[in-house]
file work35.txt (compact mmCIF, C-alpha atoms)
# COMPACT_ATOMS: atom_id res chain seq x y z
CA MET W 1 -0.23 6.37 12.45
CA ASP W 2 3.51 5.89 12.81
CA GLN W 3 5.15 5.94 9.37
CA GLU W 4 7.74 3.24 10.18
CA ILE W 5 5.08 0.86 11.50
CA PHE W 6 2.84 1.47 8.48
CA ILE W 7 5.71 0.88 6.05
CA ALA W 8 6.66 -2.35 7.85
CA GLN W 9 3.04 -3.56 7.69
CA LEU W 10 2.73 -2.53 4.04
CA ARG W 11 5.98 -4.34 3.20
CA GLU W 12 4.43 -7.58 4.44
CA ILE W 13 1.23 -6.93 2.46
CA VAL W 14 3.04 -6.29 -0.84
CA ARG W 15 5.74 -8.96 -0.38
CA PRO W 16 3.86 -11.70 -2.31
CA TYR W 17 3.22 -9.34 -5.25
CA ALA W 18 6.53 -7.46 -5.50
CA ARG W 19 8.79 -8.69 -8.28
CA ASN W 20 11.69 -6.46 -7.21
CA GLN W 21 12.79 -7.81 -3.83
CA GLU W 22 15.71 -5.35 -3.56
CA ALA W 23 13.31 -2.40 -3.82
CA LEU W 24 11.00 -4.11 -1.32
CA ALA W 25 13.84 -4.31 1.18
CA GLU W 26 14.40 -0.55 0.78
CA ILE W 27 10.70 0.44 0.75
CA ASN W 28 10.01 4.02 1.89
CA ALA W 29 7.35 6.71 1.52
CA SER W 30 8.34 7.52 -2.08
CA THR W 31 8.39 3.89 -3.28
CA ASP W 32 6.13 3.44 -6.31
CA PHE W 33 4.27 0.13 -6.40
CA ILE W 34 4.42 -0.31 -10.18
CA THR W 35 7.71 1.35 -11.14
CA ASP W 36 9.87 0.39 -8.15
CA LEU W 37 8.34 -2.84 -6.85
CA LYS W 38 7.24 -4.09 -10.30
CA ILE W 39 3.73 -4.93 -9.10
CA ASN W 40 1.40 -5.30 -12.07
CA SER W 41 -1.95 -3.51 -12.11
CA ALA W 42 -3.97 -6.67 -11.45
CA ASN W 43 -1.89 -7.42 -8.36
CA LEU W 44 -2.20 -3.80 -7.27
CA VAL W 45 -5.92 -4.47 -6.85
CA ASP W 46 -4.98 -7.41 -4.60
CA VAL W 47 -2.74 -5.10 -2.57
CA VAL W 48 -5.66 -2.68 -2.09
CA LEU W 49 -7.94 -5.54 -1.02
CA ASP W 50 -5.31 -6.76 1.46
CA VAL W 51 -4.91 -3.22 2.83
CA GLU W 52 -8.69 -2.95 3.25
CA GLU W 53 -8.73 -6.23 5.15
CA LYS W 54 -5.72 -5.38 7.34
CA TYR W 55 -7.09 -2.01 8.44
CA ASP W 56 -10.82 -2.87 8.23
CA ILE W 57 -11.55 -0.02 5.81
CA VAL W 58 -13.18 0.41 2.40
CA ILE W 59 -11.19 2.15 -0.32
CA GLN W 60 -13.28 3.71 -3.07
CA ASN W 61 -12.34 3.37 -6.76
CA GLU W 62 -11.15 6.98 -7.09
CA GLU W 63 -8.92 6.51 -4.03
CA MET W 64 -7.64 3.23 -5.43
CA GLU W 65 -6.60 5.02 -8.62
CA ARG W 66 -4.48 7.44 -6.53
CA MET W 67 -2.88 4.68 -4.46
CA LEU W 68 0.23 4.27 -6.60
CA ASN W 69 2.95 4.75 -4.00
CA VAL W 70 3.56 4.19 -0.31
CA GLN W 71 2.86 7.81 0.69
CA ALA W 72 -0.49 7.84 -1.12
CA ALA W 73 -1.42 4.53 0.52
CA MET W 74 -0.52 5.90 3.95
CA ASP W 75 -2.51 9.11 3.36
CA ILE W 76 -5.58 7.17 2.23
CA VAL W 77 -5.43 4.67 5.10
CA GLU W 78 -4.93 7.43 7.67
CA ALA W 79 -7.91 9.37 6.31
CA LYS W 80 -10.08 6.22 6.36
CA LEU W 81 -9.07 5.38 9.93
CA LYS W 82 -9.96 8.91 11.06
CA GLU W 83 -13.42 8.49 9.51
CA LYS W 84 -14.11 5.43 11.69
call {"tool": "encode", "arguments": {"input": "work35.txt", "output": "structure tokens"}}
result
Amino acid sequence: MDQEIFIAQLREIVRPYARNQEALAEINASTDFITDLKINSANLVDVVLDVEEKYDIVIQNEEMERMLNVQAAMDIVEAKLKEK
């Protein structure tokens, strides 16, 4: 999966939940969902659900707990897509 494409798609997924729009505009692999984008933990679950829907995958609870930044999200999605 191309990193730039994934980040662009992820930006659109997290846009409704991000409270820091400046950080959202500068999103990159090291962007932390909670610290940088100010997404609360309840909304982080919504982000995971939206990612599952977008990529037609199922993210397990232990993977969800690791999905705290863009790089982790990309790694998890890539691994899930390879399993398909």
call {"tool": "atom_distance", "arguments": {"input": "work35.txt", "atom1": "CA of Glu12 (chain W)", "atom2": "CA of Lys54 (chain W)"}}
result
10.8 Å
call {"tool": "residues_near_point", "arguments": {"input": "work35.txt", "point": "(-2.6, 6.6, -2.0)", "cutoff": "12 Å", "atoms": "only C-alpha atoms", "output": "PyMOL selection string"}}
result
chain W and resi 29-33+44+47-48+51+59-80
call {"tool": "write_last_selection", "arguments": {"input": "work35.txt", "atoms": "C-alpha atoms", "output": "PDB file, keeping the file's coordinate frame"}}
result
ATOM      1  CA  ALA W  29       7.350   6.710   1.520  1.00  0.00           C
ATOM      2  CA  SER W  30       8.340   7.520  -2.080  1.00  0.00           C
ATOM      3  CA  THR W  31       8.390   3.890  -3.280  1.00  0.00           C
ATOM      4  CA  ASP W  32       6.130   3.440  -6.310  1.00  0.00           C
ATOM      5  CA  PHE W  33       4.270   0.130  -6.400  1.00  0.00           C
ATOM      6  CA  LEU W  44      -2.200  -3.800  -7.270  1.00  0.00           C
ATOM      7  CA  VAL W  47      -2.740  -5.100  -2.570  1.00  0.00           C
ATOM      8  CA  VAL W  48      -5.660  -2.680  -2.090  1.00  0.00           C
ATOM      9  CA  VAL W  51      -4.910  -3.220   2.830  1.00  0.00           C
ATOM     10  CA  ILE W  59     -11.190   2.150  -0.320  1.00  0.00           C
ATOM     11  CA  GLN W  60     -13.280   3.710  -3.070  1.00  0.00           C
ATOM     12  CA  ASN W  61     -12.340   3.370  -6.760  1.00  0.00           C
ATOM     13  CA  GLU W  62     -11.150   6.980  -7.090  1.00  0.00           C
ATOM     14  CA  GLU W  63      -8.920   6.510  -4.030  1.00  0.00           C
ATOM     15  CA  MET W  64      -7.640   3.230  -5.430  1.00  0.00           C
ATOM     16  CA  GLU W  65      -6.600   5.020  -8.620  1.00  0.00           C
ATOM     17  CA  ARG W  66      -4.480   7.440  -6.530  1.00  0.00           C
ATOM     18  CA  MET W  67      -2.880   4.680  -4.460  1.00  0.00           C
ATOM     19  CA  LEU W  68       0.230   4.270  -6.600  1.00  0.00           C
ATOM     20  CA  ASN W  69       2.950   4.750  -4.000  1.00  0.00           C
ATOM     21  CA  VAL W  70       3.560   4.190  -0.310  1.00  0.00           C
ATOM     22  CA  GLN W  71       2.860   7.810   0.690  1.00  0.00           C
ATOM     23  CA  ALA W  72      -0.490   7.840  -1.120  1.00  0.00           C
ATOM     24  CA  ALA W  73      -1.420   4.530   0.520  1.00  0.00           C
ATOM     25  CA  MET W  74      -0.520   5.900   3.950  1.00  0.00           C
ATOM     26  CA  ASP W  75      -2.510   9.110   3.360  1.00  0.00           C
ATOM     27  CA  ILE W  76      -5.580   7.170   2.230  1.00  0.00           C
ATOM     28  CA  VAL W  77      -5.430   4.670   5.100  1.00  0.00           C
ATOM     29  CA  GLU W  78      -4.930   7.430   7.670  1.00  0.00           C
ATOM     30  CA  ALA W  79      -7.910   9.370   6.310  1.00  0.00           C
ATOM     31  CA  LYS W  80     -10.080   6.220   6.360  1.00  0.00           C
TER      32      LYS W  80
END
call {"tool": "closest_residue", "arguments": {"input": "work35.txt", "among": "W:Asn40, W:Ile34, W:Tyr55, W:Asn20", "to": "Phe6 (chain W)", "atoms": "all atoms listed in the file"}}
result
W:Tyr55
call {"tool": "atom_distance", "arguments": {"input": "work35.txt", "atom1": "CA of Asp50 (chain W)", "atom2": "CA of Val14 (chain W)"}}
result
8.7 Å
call {"tool": "atom_distance", "arguments": {"input": "work35.txt", "atom1": "CA of Lys84 (chain W)", "atom2": "CA of Glu52 (chain W)"}}
result
13.1 Å
call {"tool": "residues_around", "arguments": {"input": "work35.txt", "residues": "Pro16 (chain W)", "least_positions_apart": "3", "cutoff": "10 Å", "atoms": "only C-alpha atoms", "output": "mmCIF file with C-alpha atoms, keeping the file's coordinate frame"}}
result
data_model
loop_
_atom_site.group_PDB
_atom_site.id
_atom_site.type_symbol
_atom_site.label_atom_id
_atom_site.label_comp_id
_atom_site.auth_asym_id
_atom_site.auth_seq_id
_atom_site.Cartn_x
_atom_site.Cartn_y
_atom_site.Cartn_z
ATOM 1 C CA ARG W 11 5.980 -4.340 3.200
ATOM 2 C CA GLU W 12 4.430 -7.580 4.440
ATOM 3 C CA ILE W 13 1.230 -6.930 2.460
ATOM 4 C CA ARG W 19 8.790 -8.690 -8.280
ATOM 5 C CA GLN W 21 12.790 -7.810 -3.830
ATOM 6 C CA ILE W 39 3.730 -4.930 -9.100
ATOM 7 C CA ASN W 43 -1.890 -7.420 -8.360
ATOM 8 C CA VAL W 47 -2.740 -5.100 -2.570
#
call {"tool": "axis_aligned_box", "arguments": {"input": "work35.txt", "around": "region 64-82 of chain W", "padding_each_side": "3 Å", "output": "lines of an AutoDock Vina configuration file"}}
result
center_x = -3.3
center_y = 6.3
center_z = 1.2
size_x = 19.6
size_y = 12.1
size_z = 25.7
call {"tool": "closest_residue", "arguments": {"input": "work35.txt", "among": "W:Leu49, W:Leu37, W:Ala23, W:Leu81", "to": "Met1 (chain W)", "atoms": "only C-alpha atoms"}}
result
W:Leu81
call {"tool": "build_atoms", "arguments": {"input": "work35.txt", "residues": "region 62-73 of chain W", "atoms": "all heavy atoms", "output": "PDB file, in the frame of the given file"}}
result
ATOM      1  N   GLU W  62     -11.963   5.790  -6.794  1.00  0.00           N
ATOM      2  CA  GLU W  62     -11.150   6.980  -7.090  1.00  0.00           C
ATOM      3  C   GLU W  62      -9.931   7.052  -6.169  1.00  0.00           C
ATOM      4  O   GLU W  62      -8.876   7.535  -6.567  1.00  0.00           O
ATOM      5  CB  GLU W  62     -11.972   8.264  -7.036  1.00  0.00           C
ATOM      6  CG  GLU W  62     -12.637   8.564  -5.717  1.00  0.00           C
ATOM      7  CD  GLU W  62     -14.014   7.915  -5.550  1.00  0.00           C
ATOM      8  OE1 GLU W  62     -14.454   7.161  -6.446  1.00  0.00           O
ATOM      9  OE2 GLU W  62     -14.651   8.155  -4.521  1.00  0.00           O
ATOM     10  N   GLU W  63     -10.061   6.558  -4.951  1.00  0.00           N
ATOM     11  CA  GLU W  63      -8.920   6.510  -4.030  1.00  0.00           C
ATOM     12  C   GLU W  63      -7.942   5.433  -4.486  1.00  0.00           C
ATOM     13  O   GLU W  63      -6.726   5.623  -4.428  1.00  0.00           O
ATOM     14  CB  GLU W  63      -9.389   6.229  -2.608  1.00  0.00           C
ATOM     15  CG  GLU W  63     -10.230   7.340  -2.043  1.00  0.00           C
ATOM     16  CD  GLU W  63     -11.023   6.925  -0.821  1.00  0.00           C
ATOM     17  OE1 GLU W  63     -11.484   5.766  -0.750  1.00  0.00           O
ATOM     18  OE2 GLU W  63     -11.185   7.778   0.061  1.00  0.00           O
ATOM     19  N   MET W  64      -8.482   4.319  -4.956  1.00  0.00           N
ATOM     20  CA  MET W  64      -7.640   3.230  -5.430  1.00  0.00           C
ATOM     21  C   MET W  64      -6.769   3.693  -6.605  1.00  0.00           C
ATOM     22  O   MET W  64      -5.596   3.340  -6.691  1.00  0.00           O
ATOM     23  CB  MET W  64      -8.530   2.055  -5.873  1.00  0.00           C
ATOM     24  CG  MET W  64      -7.781   0.789  -6.180  1.00  0.00           C
ATOM     25  SD  MET W  64      -8.841  -0.553  -6.777  1.00  0.00           S
ATOM     26  CE  MET W  64     -10.062  -0.710  -5.504  1.00  0.00           C
ATOM     27  N   GLU W  65      -7.343   4.507  -7.472  1.00  0.00           N
ATOM     28  CA  GLU W  65      -6.600   5.020  -8.620  1.00  0.00           C
ATOM     29  C   GLU W  65      -5.442   5.908  -8.199  1.00  0.00           C
ATOM     30  O   GLU W  65      -4.440   5.996  -8.904  1.00  0.00           O
ATOM     31  CB  GLU W  65      -7.538   5.792  -9.553  1.00  0.00           C
ATOM     32  CG  GLU W  65      -8.541   4.888 -10.247  1.00  0.00           C
ATOM     33  CD  GLU W  65      -9.630   5.656 -10.975  1.00  0.00           C
ATOM     34  OE1 GLU W  65      -9.526   6.895 -11.107  1.00  0.00           O
ATOM     35  OE2 GLU W  65     -10.597   5.005 -11.418  1.00  0.00           O
ATOM     36  N   ARG W  66      -5.560   6.569  -7.044  1.00  0.00           N
ATOM     37  CA  ARG W  66      -4.480   7.440  -6.530  1.00  0.00           C
ATOM     38  C   ARG W  66      -3.433   6.662  -5.742  1.00  0.00           C
ATOM     39  O   ARG W  66      -2.351   7.187  -5.469  1.00  0.00           O
ATOM     40  CB  ARG W  66      -5.066   8.510  -5.611  1.00  0.00           C
ATOM     41  CG  ARG W  66      -5.909   9.540  -6.291  1.00  0.00           C
ATOM     42  CD  ARG W  66      -6.184  10.739  -5.390  1.00  0.00           C
ATOM     43  NE  ARG W  66      -6.056  10.473  -3.973  1.00  0.00           N
ATOM     44  CZ  ARG W  66      -7.068  10.458  -3.101  1.00  0.00           C
ATOM     45  NH1 ARG W  66      -8.290  10.684  -3.494  1.00  0.00           N
ATOM     46  NH2 ARG W  66      -6.857  10.214  -1.824  1.00  0.00           N
ATOM     47  N   MET W  67      -3.746   5.449  -5.349  1.00  0.00           N
ATOM     48  CA  MET W  67      -2.880   4.680  -4.460  1.00  0.00           C
ATOM     49  C   MET W  67      -1.761   3.991  -5.245  1.00  0.00           C
ATOM     50  O   MET W  67      -1.736   2.779  -5.383  1.00  0.00           O
ATOM     51  CB  MET W  67      -3.709   3.662  -3.677  1.00  0.00           C
ATOM     52  CG  MET W  67      -3.080   3.258  -2.381  1.00  0.00           C
ATOM     53  SD  MET W  67      -4.261   2.354  -1.369  1.00  0.00           S
ATOM     54  CE  MET W  67      -3.419   0.807  -1.236  1.00  0.00           C
ATOM     55  N   LEU W  68      -0.836   4.796  -5.757  1.00  0.00           N
ATOM     56  CA  LEU W  68       0.230   4.270  -6.600  1.00  0.00           C
ATOM     57  C   LEU W  68       1.568   4.186  -5.900  1.00  0.00           C
ATOM     58  O   LEU W  68       2.488   3.551  -6.402  1.00  0.00           O
ATOM     59  CB  LEU W  68       0.360   5.132  -7.871  1.00  0.00           C
ATOM     60  CG  LEU W  68      -0.897   5.167  -8.753  1.00  0.00           C
ATOM     61  CD1 LEU W  68      -0.687   6.124  -9.913  1.00  0.00           C
ATOM     62  CD2 LEU W  68      -1.264   3.774  -9.234  1.00  0.00           C
ATOM     63  N   ASN W  69       1.689   4.837  -4.742  1.00  0.00           N
ATOM     64  CA  ASN W  69       2.950   4.750  -4.000  1.00  0.00           C
ATOM     65  C   ASN W  69       2.661   4.648  -2.505  1.00  0.00           C
ATOM     66  O   ASN W  69       1.515   4.752  -2.071  1.00  0.00           O
ATOM     67  CB  ASN W  69       3.871   5.930  -4.331  1.00  0.00           C
ATOM     68  CG  ASN W  69       3.279   7.264  -3.927  1.00  0.00           C
ATOM     69  OD1 ASN W  69       2.665   7.395  -2.877  1.00  0.00           O
ATOM     70  ND2 ASN W  69       3.457   8.277  -4.762  1.00  0.00           N
ATOM     71  N   VAL W  70       3.705   4.430  -1.747  1.00  0.00           N
ATOM     72  CA  VAL W  70       3.560   4.190  -0.310  1.00  0.00           C
ATOM     73  C   VAL W  70       2.948   5.400   0.394  1.00  0.00           C
ATOM     74  O   VAL W  70       2.057   5.253   1.235  1.00  0.00           O
ATOM     75  CB  VAL W  70       4.917   3.805   0.313  1.00  0.00           C
ATOM     76  CG1 VAL W  70       4.834   3.737   1.828  1.00  0.00           C
ATOM     77  CG2 VAL W  70       5.393   2.469  -0.267  1.00  0.00           C
ATOM     78  N   GLN W  71       3.395   6.604   0.041  1.00  0.00           N
ATOM     79  CA  GLN W  71       2.860   7.810   0.690  1.00  0.00           C
ATOM     80  C   GLN W  71       1.366   7.956   0.437  1.00  0.00           C
ATOM     81  O   GLN W  71       0.604   8.256   1.350  1.00  0.00           O
ATOM     82  CB  GLN W  71       3.602   9.065   0.199  1.00  0.00           C
ATOM     83  CG  GLN W  71       3.164  10.338   0.916  1.00  0.00           C
ATOM     84  CD  GLN W  71       3.499  10.314   2.405  1.00  0.00           C
ATOM     85  OE1 GLN W  71       4.651  10.114   2.762  1.00  0.00           O
ATOM     86  NE2 GLN W  71       2.516  10.509   3.256  1.00  0.00           N
ATOM     87  N   ALA W  72       0.937   7.743  -0.798  1.00  0.00           N
ATOM     88  CA  ALA W  72      -0.490   7.840  -1.120  1.00  0.00           C
ATOM     89  C   ALA W  72      -1.280   6.793  -0.330  1.00  0.00           C
ATOM     90  O   ALA W  72      -2.361   7.087   0.193  1.00  0.00           O
ATOM     91  CB  ALA W  72      -0.710   7.659  -2.617  1.00  0.00           C
ATOM     92  N   ALA W  73      -0.745   5.586  -0.244  1.00  0.00           N
ATOM     93  CA  ALA W  73      -1.420   4.530   0.520  1.00  0.00           C
ATOM     94  C   ALA W  73      -1.558   4.936   1.977  1.00  0.00           C
ATOM     95  O   ALA W  73      -2.626   4.772   2.584  1.00  0.00           O
ATOM     96  CB  ALA W  73      -0.637   3.220   0.403  1.00  0.00           C
TER      97      ALA W  73
END
